[in-house]
$ cat coords_17.pdb   # PDB, C-alpha atoms
ATOM      1  CA  ARG A1103      -1.545  -4.610 -29.871
ATOM      2  CA  GLY A1104      -0.544  -5.676 -26.370
ATOM      3  CA  VAL A1105       1.814  -8.325 -27.751
ATOM      4  CA  LEU A1106       3.479  -5.838 -30.119
ATOM      5  CA  ILE A1107       3.907  -3.185 -27.417
ATOM      6  CA  GLN A1108       5.381  -5.776 -25.056
ATOM      7  CA  ALA A1109       7.773  -7.014 -27.749
ATOM      8  CA  VAL A1110       9.070  -3.510 -28.450
ATOM      9  CA  TYR A1111       9.886  -2.392 -24.905
ATOM     10  CA  ARG A1112      10.397  -5.577 -22.874
ATOM     11  CA  SER A1113      13.869  -7.081 -23.240
ATOM     12  CA  ASN A1114      15.801 -10.114 -22.087
ATOM     13  CA  PHE A1115      17.849  -7.839 -19.852
ATOM     14  CA  VAL A1116      18.556 -10.448 -17.171
ATOM     15  CA  LEU A1117      20.180 -12.889 -19.607
ATOM     16  CA  PHE A1118      22.257 -10.328 -21.529
ATOM     17  CA  ALA A1119      23.038  -7.316 -19.311
ATOM     18  CA  VAL A1120      25.625  -8.691 -16.889
ATOM     19  CA  PRO A1121      27.706 -10.764 -19.376
ATOM     20  CA  LEU A1122      27.667  -7.981 -21.996
ATOM     21  CA  THR A1123      28.686  -5.309 -19.486
ATOM     22  CA  GLU A1124      31.381  -7.534 -17.992
ATOM     23  CA  SER A1125      32.841  -8.275 -21.438
ATOM     24  CA  ILE A1126      33.173  -4.538 -22.199
ATOM     25  CA  PHE A1127      33.933  -2.969 -18.802
ATOM     26  CA  GLY A1128      35.114  -5.919 -16.711
ATOM     27  CA  GLN A1129      34.057  -6.489 -13.112
ATOM     28  CA  SER A1130      33.677  -2.739 -12.526
ATOM     29  CA  GLY A1131      30.545  -2.720 -14.685
ATOM     30  CA  VAL A1132      28.851  -5.754 -13.174
ATOM     31  CA  ALA A1133      27.602  -3.966 -10.043
ATOM     32  CA  LEU A1134      25.633  -1.339 -11.998
ATOM     33  CA  SER A1135      24.033  -3.842 -14.377
ATOM     34  CA  ALA A1136      23.151  -6.166 -11.475
ATOM     35  CA  MET A1137      21.579  -3.250  -9.606
ATOM     36  CA  MET A1138      19.562  -2.343 -12.695
ATOM     37  CA  VAL A1139      18.174  -5.892 -12.847
ATOM     38  CA  ALA A1140      16.441  -5.311  -9.504
ATOM     39  CA  ILE A1141      14.733  -2.211 -10.941
ATOM     40  CA  ILE A1142      14.058  -3.147 -14.561
ATOM     41  CA  VAL A1143      12.663  -6.681 -14.123
ATOM     42  CA  PRO A1144       9.794  -5.727 -11.748
ATOM     43  CA  PHE A1145       9.030  -2.713 -13.946
ATOM     44  CA  PHE A1146       8.881  -4.872 -17.096
ATOM     45  CA  ASN A1147       6.698  -7.488 -15.413
ATOM     46  CA  VAL A1148       4.199  -5.068 -13.886
ATOM     47  CA  THR A1149       3.816  -2.961 -17.026
ATOM     48  CA  ALA A1150       3.461  -6.080 -19.195
ATOM     49  CA  VAL A1151       0.562  -7.280 -17.051
ATOM     50  CA  ILE A1152      -1.122  -3.852 -17.274
ATOM     51  CA  ILE A1153      -0.655  -3.611 -21.066
ATOM     52  CA  LEU A1154      -1.861  -7.138 -21.824
ATOM     53  CA  GLU A1155      -4.811  -6.741 -19.477
ATOM     54  CA  TYR A1156      -5.756  -3.396 -21.042
ATOM     55  CA  PHE A1157      -5.666  -4.820 -24.580
ATOM     56  CA  ARG A1158      -7.420  -8.076 -23.663
ATOM     57  CA  GLY A1159     -10.588  -6.727 -25.308
ATOM     58  CA  GLY A1160     -14.052  -5.589 -24.323
ATOM     59  CA  THR A1161     -15.067  -2.262 -22.830
ATOM     60  CA  PHE A1162     -12.641  -0.336 -20.660
ATOM     61  CA  ASP A1163     -13.342  -0.617 -16.946
ATOM     62  CA  LEU A1164     -10.694   0.983 -14.715
ATOM     63  CA  TRP A1165     -11.656  -0.877 -11.530
ATOM     64  CA  LYS A1166     -11.792  -4.209 -13.351
ATOM     65  CA  LEU A1167      -8.372  -3.500 -14.858
ATOM     66  CA  VAL A1168      -6.900  -2.658 -11.443
ATOM     67  CA  LYS A1169      -8.454  -5.789  -9.906
ATOM     68  CA  ASN A1170      -7.155  -8.061 -12.678
ATOM     69  CA  VAL A1171      -3.663  -6.557 -12.429
ATOM     70  CA  LEU A1172      -3.514  -6.897  -8.640
ATOM     71  CA  THR A1173      -4.768 -10.508  -8.744
ATOM     72  CA  ASN A1174      -2.410 -11.551 -11.559
ATOM     73  CA  PRO A1175      -0.226 -14.484 -10.373
ATOM     74  CA  LEU A1176       2.952 -12.700 -11.501
ATOM     75  CA  ILE A1177       2.137  -9.620  -9.429
ATOM     76  CA  LEU A1178       1.112 -11.741  -6.432
ATOM     77  CA  GLY A1179       4.376 -13.671  -6.716
ATOM     78  CA  ALA A1180       6.394 -10.452  -6.856
ATOM     79  CA  LEU A1181       4.557  -9.066  -3.798
ATOM     80  CA  ALA A1182       5.140 -12.309  -1.885
ATOM     81  CA  ALA A1183       8.836 -12.224  -2.800
ATOM     82  CA  GLY A1184       9.086  -8.596  -1.660
ATOM     83  CA  LEU A1185       7.456  -9.506   1.658
ATOM     84  CA  PHE A1186       9.891 -12.388   2.170
ATOM     85  CA  LEU A1187      12.784 -10.023   1.401
ATOM     86  CA  LEU A1188      11.585  -7.338   3.819
ATOM     87  CA  LEU A1189      11.026  -9.852   6.603
ATOM     88  CA  ASP A1190      14.329 -11.614   5.818
ATOM     89  CA  ILE A1191      12.583 -14.972   5.402
ATOM     90  CA  ARG A1192      14.669 -17.544   3.529
ATOM     91  CA  LEU A1193      13.668 -20.863   2.054
ATOM     92  CA  PRO A1194      15.379 -23.974   3.410
ATOM     93  CA  ALA A1195      18.688 -24.614   1.606
ATOM     94  CA  CYS A1196      17.379 -27.941   0.265
ATOM     95  CA  VAL A1197      14.573 -26.022  -1.485
ATOM     96  CA  GLU A1198      16.350 -22.795  -2.403
ATOM     97  CA  LYS A1199      19.181 -24.429  -4.365
ATOM     98  CA  PRO A1200      17.038 -26.483  -6.796
ATOM     99  CA  VAL A1201      14.620 -23.532  -7.225
ATOM    100  CA  SER A1202      17.581 -21.277  -8.084
ATOM    101  CA  GLN A1203      18.934 -23.841 -10.562
ATOM    102  CA  PHE A1204      15.514 -24.214 -12.183
ATOM    103  CA  SER A1205      15.227 -20.411 -12.407
ATOM    104  CA  ALA A1206      18.515 -20.245 -14.339
ATOM    105  CA  LEU A1207      17.161 -22.855 -16.770
ATOM    106  CA  THR A1208      13.861 -21.149 -17.623
ATOM    107  CA  THR A1209      14.966 -18.649 -20.306
ATOM    108  CA  PRO A1210      17.230 -21.005 -22.325
ATOM    109  CA  LEU A1211      14.561 -23.727 -22.099
ATOM    110  CA  ALA A1212      11.847 -21.312 -23.260
ATOM    111  CA  LEU A1213      13.948 -20.290 -26.273
ATOM    112  CA  PHE A1214      14.619 -23.949 -27.102
ATOM    113  CA  ILE A1215      10.892 -24.791 -26.976
ATOM    114  CA  LEU A1216       9.980 -21.701 -29.006
ATOM    115  CA  GLY A1217      12.484 -22.623 -31.705
ATOM    116  CA  GLY A1218      11.114 -26.155 -31.892
ATOM    117  CA  SER A1219       7.484 -25.031 -32.074
ATOM    118  CA  LEU A1220       8.014 -22.261 -34.655
ATOM    119  CA  GLN A1221       5.902 -22.712 -37.803
ATOM    120  CA  PHE A1222       7.279 -21.020 -40.904
ATOM    121  CA  SER A1223       3.841 -20.729 -42.493
ATOM    122  CA  SER A1224       2.658 -18.660 -39.523
ATOM    123  CA  LEU A1225       5.915 -16.697 -39.558
ATOM    124  CA  LYS A1226       5.368 -15.733 -43.189
ATOM    125  CA  LYS A1227       1.791 -14.657 -42.465
ATOM    126  CA  ASP A1228       2.857 -12.401 -39.580
ATOM    127  CA  LEU A1229       5.891 -10.920 -41.359
ATOM    128  CA  ARG A1230       4.179  -7.537 -41.842
ATOM    129  CA  LEU A1231       3.961  -7.245 -38.036
ATOM    130  CA  ILE A1232       7.256  -8.910 -37.152
ATOM    131  CA  LEU A1233       9.582  -6.821 -39.341
ATOM    132  CA  PRO A1234       8.585  -3.345 -38.051
ATOM    133  CA  ALA A1235       8.406  -4.620 -34.450
ATOM    134  CA  VAL A1236      11.892  -6.166 -34.581
ATOM    135  CA  LEU A1237      13.317  -3.107 -36.358
ATOM    136  CA  THR A1238      11.816  -0.831 -33.698
ATOM    137  CA  LYS A1239      13.003  -3.111 -30.861
ATOM    138  CA  LEU A1240      16.598  -3.586 -31.983
ATOM    139  CA  VAL A1241      17.384  -0.371 -33.879
ATOM    140  CA  LEU A1242      15.001   2.566 -33.354
ATOM    141  CA  VAL A1243      14.423   2.354 -29.595
ATOM    142  CA  PRO A1244      18.151   1.777 -28.785
ATOM    143  CA  ALA A1245      19.038   4.733 -31.054
ATOM    144  CA  ALA A1246      16.611   6.925 -29.139
ATOM    145  CA  MET A1247      18.082   5.778 -25.812
ATOM    146  CA  VAL A1248      21.649   6.506 -26.968
ATOM    147  CA  ALA A1249      20.496   9.993 -27.977
ATOM    148  CA  VAL A1250      18.902  10.469 -24.537
ATOM    149  CA  SER A1251      22.101   9.283 -22.808
ATOM    150  CA  LEU A1252      24.125  11.848 -24.771
ATOM    151  CA  ALA A1253      21.628  14.616 -24.039
ATOM    152  CA  VAL A1254      21.753  14.063 -20.272
ATOM    153  CA  GLY A1255      25.526  13.531 -20.169
ATOM    154  CA  MET A1256      25.722   9.908 -19.040
ATOM    155  CA  GLU A1257      29.086   8.246 -18.450
ATOM    156  CA  PRO A1258      30.152   5.472 -20.895
ATOM    157  CA  LEU A1259      29.271   2.679 -18.441
ATOM    158  CA  GLU A1260      25.840   4.155 -17.703
ATOM    159  CA  ARG A1261      25.206   4.625 -21.432
ATOM    160  CA  PHE A1262      26.079   1.010 -22.185
ATOM    161  CA  VAL A1263      23.902  -0.387 -19.400
ATOM    162  CA  LEU A1264      21.003   1.735 -20.690
ATOM    163  CA  LEU A1265      21.663   0.314 -24.167
ATOM    164  CA  THR A1266      21.519  -3.261 -22.851
ATOM    165  CA  VAL A1267      18.108  -2.523 -21.326
ATOM    166  CA  PHE A1268      16.607  -1.686 -24.712
ATOM    167  CA  ALA A1269      18.855  -3.232 -27.419
ATOM    168  CA  THR A1270      18.627  -6.826 -26.187
ATOM    169  CA  PRO A1271      15.976  -9.151 -27.696
ATOM    170  CA  THR A1272      12.404  -9.498 -26.507
ATOM    171  CA  ALA A1273      12.082 -11.375 -23.210
ATOM    172  CA  ALA A1274      11.232 -15.060 -23.570
ATOM    173  CA  ALA A1275       8.755 -14.645 -20.702
ATOM    174  CA  SER A1276       6.574 -12.484 -22.952
ATOM    175  CA  PHE A1277       5.469 -15.620 -24.831
ATOM    176  CA  PRO A1278       3.810 -17.546 -21.955
ATOM    177  CA  MET A1279       2.487 -14.298 -20.476
ATOM    178  CA  ALA A1280       0.754 -13.400 -23.751
ATOM    179  CA  GLN A1281      -0.722 -16.898 -23.988
ATOM    180  CA  ASN A1282      -2.053 -16.860 -20.436
ATOM    181  CA  MET A1283      -3.553 -13.380 -20.727
ATOM    182  CA  GLY A1284      -5.499 -13.796 -23.952
ATOM    183  CA  GLY A1285      -2.902 -12.288 -26.305
ATOM    184  CA  ASP A1286      -1.636 -13.652 -29.609
ATOM    185  CA  GLY A1287       0.735 -16.281 -28.214
ATOM    186  CA  ALA A1288       1.942 -17.426 -31.649
ATOM    187  CA  LEU A1289       2.928 -13.879 -32.624
ATOM    188  CA  ALA A1290       4.603 -13.325 -29.253
ATOM    189  CA  GLY A1291       6.697 -16.468 -29.761
ATOM    190  CA  GLU A1292       7.681 -15.432 -33.284
ATOM    191  CA  LEU A1293       8.757 -12.007 -32.031
ATOM    192  CA  VAL A1294      10.945 -13.579 -29.337
ATOM    193  CA  VAL A1295      12.610 -15.953 -31.815
ATOM    194  CA  CYS A1296      13.148 -13.336 -34.537
ATOM    195  CA  SER A1297      14.416 -10.612 -32.196
ATOM    196  CA  THR A1298      16.804 -13.106 -30.570
ATOM    197  CA  ALA A1299      18.167 -14.223 -33.942
ATOM    198  CA  PHE A1300      18.642 -10.700 -35.337
ATOM    199  CA  SER A1301      20.070  -9.348 -32.069
ATOM    200  CA  ILE A1302      23.238 -11.360 -32.687
ATOM    201  CA  LEU A1303      23.996  -8.913 -35.504
ATOM    202  CA  THR A1304      22.490  -5.724 -34.072
ATOM    203  CA  ILE A1305      24.159  -5.970 -30.638
ATOM    204  CA  PHE A1306      27.529  -6.502 -32.336
ATOM    205  CA  LEU A1307      26.912  -3.452 -34.554
ATOM    206  CA  TRP A1308      25.819  -1.303 -31.598
ATOM    207  CA  VAL A1309      28.944  -2.199 -29.613
ATOM    208  CA  PHE A1310      31.156  -1.628 -32.672
ATOM    209  CA  PHE A1311      29.537   1.751 -33.422
ATOM    210  CA  LEU A1312      29.736   3.018 -29.836
ATOM    211  CA  LYS A1313      33.343   1.867 -29.510
ATOM    212  CA  TYR A1314      34.285   3.469 -32.835
ATOM    213  CA  ALA A1315      32.576   6.734 -31.862
ATOM    214  CA  GLY A1316      34.300   6.748 -28.471
ATOM    215  CA  LEU A1317      30.990   6.638 -26.590
ATOM    216  CA  ILE A1318      31.881   3.582 -24.481
TER     217      ILE A1318
END
$ encode --input "coords_17.pdb" --output "structure tokens"
Amino acid sequence: RGVLIQAVYRSNFVLFAVPLTESIFGQSGVALSAMMVAIIVPFFNVTAVIILEYFRGGTFDLWKLVKNVLTNPLILGALAAGLFLLLDIRLPACVEKPVSQFSALTTPLALFILGGSLQFSSLKKDLRLILPAVLTKLVLVPAAMVAVSLAVGMEPLERFVLLTVFATPTAAASFPMAQNMGGDGALAGELVVCSTAFSILTIFLWVFFLKYAGLI
């Protein structure tokens, strides 16, 4: 359950948002999508830890859940990074540059490894879970968000950035997180691969539809 919930709401926003927005709106749209990264990524990470911890199994214990969330390495890393930012502490340039380069490599490398480790026999077995999850991730949730953007009167740029938050494929980071937190790692990997493959078509169709309807 935790893996499926994570797959439906958590997207690869960092990899897709800025280039997609820039290709449609030019440099004027980059600032908003970059600002959203600073909000969406911590939100995705924290909620993913809570969801996977909650569905790990066993009896529900609120204090144990809170303790496990607060001691999760991802949360501790985010808190440490926030402290460094507040105190304006920077890593030495000789360390910061290779760390930054390695950070840029992580998502493409994760997708490459997932593609190489995918087993079609397992994919066929999990198809009854994968199809509705991918359909919900790439079609139903984005449709709901477009409806919300129209209801609240968002501008075209704001509407498109909101779409990129939810219409982009499942985050590659959801695979190792599910593995490390007792979730179904194989299913998580299959959801990342399938949503990434199908998003090539669905993102194109979403952009085409919104352009045709004059919504972006």
$ closest_residue --input "coords_17.pdb" --among "A:Pro1234, A:Gly1179, A:Pro1278, A:Pro1244" --to "Arg1261 of chain A" --atoms "all atoms listed in the file"
A:Pro1244
$ residues_around --input "coords_17.pdb" --residues "segment 1126-1137 of chain A" --least-positions-apart "3" --cutoff "12 Å" --atoms "all atoms listed in the file" --output "NGL selection string"
:A and (1115-1123 or 1140-1143 or 1257-1267 or 1306 or 1309-1310 or 1312-1313 or 1318)
$ resolve_selection --input "coords_17.pdb" --expression "the PyMOL selection byres ((chain A and resi 1167-1174) around 12)" --output "ChimeraX atom specification"
/A:1147-1166,1175-1181,1279,1282-1283
$ residues_around --input "coords_17.pdb" --residues "Val1105 of chain A" --least-positions-apart "2" --cutoff "8 Å" --atoms "only C-alpha atoms" --output "PyMOL selection string"
chain A and resi 1103+1107-1109+1154+1276+1280+1285-1286+1289-1290
$ write_last_selection --input "coords_17.pdb" --atoms "C-alpha atoms" --output "JSON list (two decimals), in the frame of the given file"
[["chain", "number", "residue", "atom", "x", "y", "z"],
["A", 1103, "ARG", "CA", -1.54, -4.61, -29.87],
["A", 1107, "ILE", "CA", 3.91, -3.18, -27.42],
["A", 1108, "GLN", "CA", 5.38, -5.78, -25.06],
["A", 1109, "ALA", "CA", 7.77, -7.01, -27.75],
["A", 1154, "LEU", "CA", -1.86, -7.14, -21.82],
["A", 1276, "SER", "CA", 6.57, -12.48, -22.95],
["A", 1280, "ALA", "CA", 0.75, -13.40, -23.75],
["A", 1285, "GLY", "CA", -2.90, -12.29, -26.30],
["A", 1286, "ASP", "CA", -1.64, -13.65, -29.61],
["A", 1289, "LEU", "CA", 2.93, -13.88, -32.62],
["A", 1290, "ALA", "CA", 4.60, -13.32, -29.25]]
$ closest_residue --input "coords_17.pdb" --among "A:Met1256, A:Phe1145, A:Leu1303, A:Leu1225" --to "Gly1291 of chain A" --atoms "all atoms listed in the file"
A:Leu1225
$ closest_residue --input "coords_17.pdb" --among "A:Ala1245, A:Leu1233, A:Leu1193, A:Ala1253" --to "Cys1296 of chain A" --atoms "only C-alpha atoms"
A:Leu1233
$ residues_near_point --input "coords_17.pdb" --point "(15.5, 0.9, -28.7)" --cutoff "8 Å" --atoms "only C-alpha atoms" --output "mmCIF file with C-alpha atoms, in the coordinates of the input"
data_model
loop_
_atom_site.group_PDB
_atom_site.id
_atom_site.type_symbol
_atom_site.label_atom_id
_atom_site.label_comp_id
_atom_site.auth_asym_id
_atom_site.auth_seq_id
_atom_site.Cartn_x
_atom_site.Cartn_y
_atom_site.Cartn_z
ATOM 1 C CA VAL A 1110 9.070 -3.510 -28.450
ATOM 2 C CA TYR A 1111 9.886 -2.392 -24.905
ATOM 3 C CA THR A 1238 11.816 -0.831 -33.698
ATOM 4 C CA LYS A 1239 13.003 -3.111 -30.861
ATOM 5 C CA LEU A 1240 16.598 -3.586 -31.983
ATOM 6 C CA VAL A 1241 17.384 -0.371 -33.879
ATOM 7 C CA LEU A 1242 15.001 2.566 -33.354
ATOM 8 C CA VAL A 1243 14.423 2.354 -29.595
ATOM 9 C CA PRO A 1244 18.151 1.777 -28.785
ATOM 10 C CA ALA A 1245 19.038 4.733 -31.054
ATOM 11 C CA ALA A 1246 16.611 6.925 -29.139
ATOM 12 C CA MET A 1247 18.082 5.778 -25.812
ATOM 13 C CA LEU A 1265 21.663 0.314 -24.167
ATOM 14 C CA PHE A 1268 16.607 -1.686 -24.712
ATOM 15 C CA ALA A 1269 18.855 -3.232 -27.419
#
$ resolve_selection --input "coords_17.pdb" --expression "the PyMOL selection byres ((chain A and resi 1300) around 10)" --output "NGL selection string"
:A and (1236-1237 or 1240 or 1270-1271 or 1295-1299 or 1301-1305)
$ atom_distance --input "coords_17.pdb" --atom1 "atom CA of Val1294 of chain A" --atom2 "atom CA of Lys1226 of chain A"
15.1 Å
$ atom_distance --input "coords_17.pdb" --atom1 "atom CA of Leu1106 of chain A" --atom2 "atom CA of Ala1182 of chain A"
29.0 Å
$ atom_distance --input "coords_17.pdb" --atom1 "atom CA of Phe1311 of chain A" --atom2 "atom CA of Leu1231 of chain A"
27.5 Å
$ decode --input "coords_17.pdb" --residues "segment 1250-1261 of chain A" --atoms "all heavy atoms" --output "mmCIF file, in the first residue's frame"
data_model
loop_
_atom_site.group_PDB
_atom_site.id
_atom_site.type_symbol
_atom_site.label_atom_id
_atom_site.label_comp_id
_atom_site.auth_asym_id
_atom_site.auth_seq_id
_atom_site.Cartn_x
_atom_site.Cartn_y
_atom_site.Cartn_z
ATOM 1 N N VAL A 1250 -8.614 21.815 -10.561
ATOM 2 C CA VAL A 1250 -8.405 22.691 -9.402
ATOM 3 C C VAL A 1250 -7.827 24.038 -9.849
ATOM 4 O O VAL A 1250 -8.251 25.108 -9.388
ATOM 5 C CB VAL A 1250 -7.471 22.017 -8.371
ATOM 6 C CG1 VAL A 1250 -7.019 23.022 -7.311
ATOM 7 C CG2 VAL A 1250 -8.175 20.838 -7.717
ATOM 8 N N SER A 1251 -6.855 24.001 -10.761
ATOM 9 C CA SER A 1251 -6.223 25.239 -11.239
ATOM 10 C C SER A 1251 -7.232 26.140 -11.936
ATOM 11 O O SER A 1251 -7.159 27.372 -11.831
ATOM 12 C CB SER A 1251 -5.064 24.910 -12.184
ATOM 13 O OG SER A 1251 -5.538 24.443 -13.439
ATOM 14 N N LEU A 1252 -8.183 25.546 -12.655
ATOM 15 C CA LEU A 1252 -9.228 26.334 -13.312
ATOM 16 C C LEU A 1252 -10.202 26.907 -12.286
ATOM 17 O O LEU A 1252 -10.652 28.045 -12.399
ATOM 18 C CB LEU A 1252 -9.981 25.456 -14.325
ATOM 19 C CG LEU A 1252 -9.178 25.021 -15.563
ATOM 20 C CD1 LEU A 1252 -9.955 23.986 -16.355
ATOM 21 C CD2 LEU A 1252 -8.853 26.232 -16.437
ATOM 22 N N ALA A 1253 -10.507 26.105 -11.264
ATOM 23 C CA ALA A 1253 -11.469 26.533 -10.250
ATOM 24 C C ALA A 1253 -10.952 27.714 -9.435
ATOM 25 O O ALA A 1253 -11.732 28.591 -9.039
ATOM 26 C CB ALA A 1253 -11.807 25.360 -9.327
ATOM 27 N N VAL A 1254 -9.651 27.745 -9.192
ATOM 28 C CA VAL A 1254 -9.089 28.829 -8.359
ATOM 29 C C VAL A 1254 -8.525 29.977 -9.193
ATOM 30 O O VAL A 1254 -7.991 30.933 -8.654
ATOM 31 C CB VAL A 1254 -7.995 28.281 -7.404
ATOM 32 C CG1 VAL A 1254 -8.563 27.226 -6.487
ATOM 33 C CG2 VAL A 1254 -6.799 27.729 -8.180
ATOM 34 N N GLY A 1255 -8.636 29.862 -10.531
ATOM 35 C CA GLY A 1255 -8.233 30.955 -11.406
ATOM 36 C C GLY A 1255 -6.744 31.162 -11.551
ATOM 37 O O GLY A 1255 -6.271 32.306 -11.596
ATOM 38 N N MET A 1256 -5.984 30.084 -11.637
ATOM 39 C CA MET A 1256 -4.534 30.191 -11.813
ATOM 40 C C MET A 1256 -4.184 30.749 -13.197
ATOM 41 O O MET A 1256 -4.918 30.557 -14.173
ATOM 42 C CB MET A 1256 -3.866 28.824 -11.647
ATOM 43 C CG MET A 1256 -3.771 28.341 -10.227
ATOM 44 S SD MET A 1256 -2.810 26.801 -10.121
ATOM 45 C CE MET A 1256 -2.771 26.559 -8.358
ATOM 46 N N GLU A 1257 -3.039 31.421 -13.265
ATOM 47 C CA GLU A 1257 -2.499 31.880 -14.540
ATOM 48 C C GLU A 1257 -1.932 30.677 -15.305
ATOM 49 O O GLU A 1257 -1.634 29.639 -14.704
ATOM 50 C CB GLU A 1257 -1.396 32.912 -14.301
ATOM 51 C CG GLU A 1257 -1.876 34.199 -13.649
ATOM 52 C CD GLU A 1257 -2.826 34.977 -14.547
ATOM 53 O OE1 GLU A 1257 -2.594 34.996 -15.776
ATOM 54 O OE2 GLU A 1257 -3.798 35.543 -14.021
ATOM 55 N N PRO A 1258 -1.765 30.807 -16.642
ATOM 56 C CA PRO A 1258 -1.245 29.685 -17.441
ATOM 57 C C PRO A 1258 0.075 29.117 -16.929
ATOM 58 O O PRO A 1258 0.246 27.894 -16.875
ATOM 59 C CB PRO A 1258 -1.093 30.302 -18.840
ATOM 60 C CG PRO A 1258 -2.143 31.354 -18.886
ATOM 61 C CD PRO A 1258 -2.202 31.927 -17.502
ATOM 62 N N LEU A 1259 1.022 29.979 -16.551
ATOM 63 C CA LEU A 1259 2.308 29.505 -16.048
ATOM 64 C C LEU A 1259 2.130 28.726 -14.754
ATOM 65 O O LEU A 1259 2.694 27.640 -14.580
ATOM 66 C CB LEU A 1259 3.265 30.679 -15.828
ATOM 67 C CG LEU A 1259 4.612 30.341 -15.139
ATOM 68 C CD1 LEU A 1259 5.380 29.299 -15.928
ATOM 69 C CD2 LEU A 1259 5.449 31.603 -14.951
ATOM 70 N N GLU A 1260 1.340 29.251 -13.830
ATOM 71 C CA GLU A 1260 1.094 28.562 -12.565
ATOM 72 C C GLU A 1260 0.416 27.211 -12.800
ATOM 73 O O GLU A 1260 0.748 26.217 -12.158
ATOM 74 C CB GLU A 1260 0.208 29.440 -11.666
ATOM 75 C CG GLU A 1260 0.861 30.754 -11.256
ATOM 76 C CD GLU A 1260 -0.133 31.710 -10.632
ATOM 77 O OE1 GLU A 1260 -1.354 31.519 -10.851
ATOM 78 O OE2 GLU A 1260 0.297 32.644 -9.936
ATOM 79 N N ARG A 1261 -0.525 27.187 -13.742
ATOM 80 C CA ARG A 1261 -1.241 25.944 -14.054
ATOM 81 C C ARG A 1261 -0.272 24.900 -14.597
ATOM 82 O O ARG A 1261 -0.350 23.720 -14.240
ATOM 83 C CB ARG A 1261 -2.340 26.231 -15.073
ATOM 84 C CG ARG A 1261 -3.172 24.995 -15.455
ATOM 85 C CD ARG A 1261 -4.290 25.362 -16.408
ATOM 86 N NE ARG A 1261 -5.183 26.318 -15.792
ATOM 87 C CZ ARG A 1261 -5.391 27.561 -16.255
ATOM 88 N NH1 ARG A 1261 -4.770 27.970 -17.352
ATOM 89 N NH2 ARG A 1261 -6.215 28.371 -15.632
#
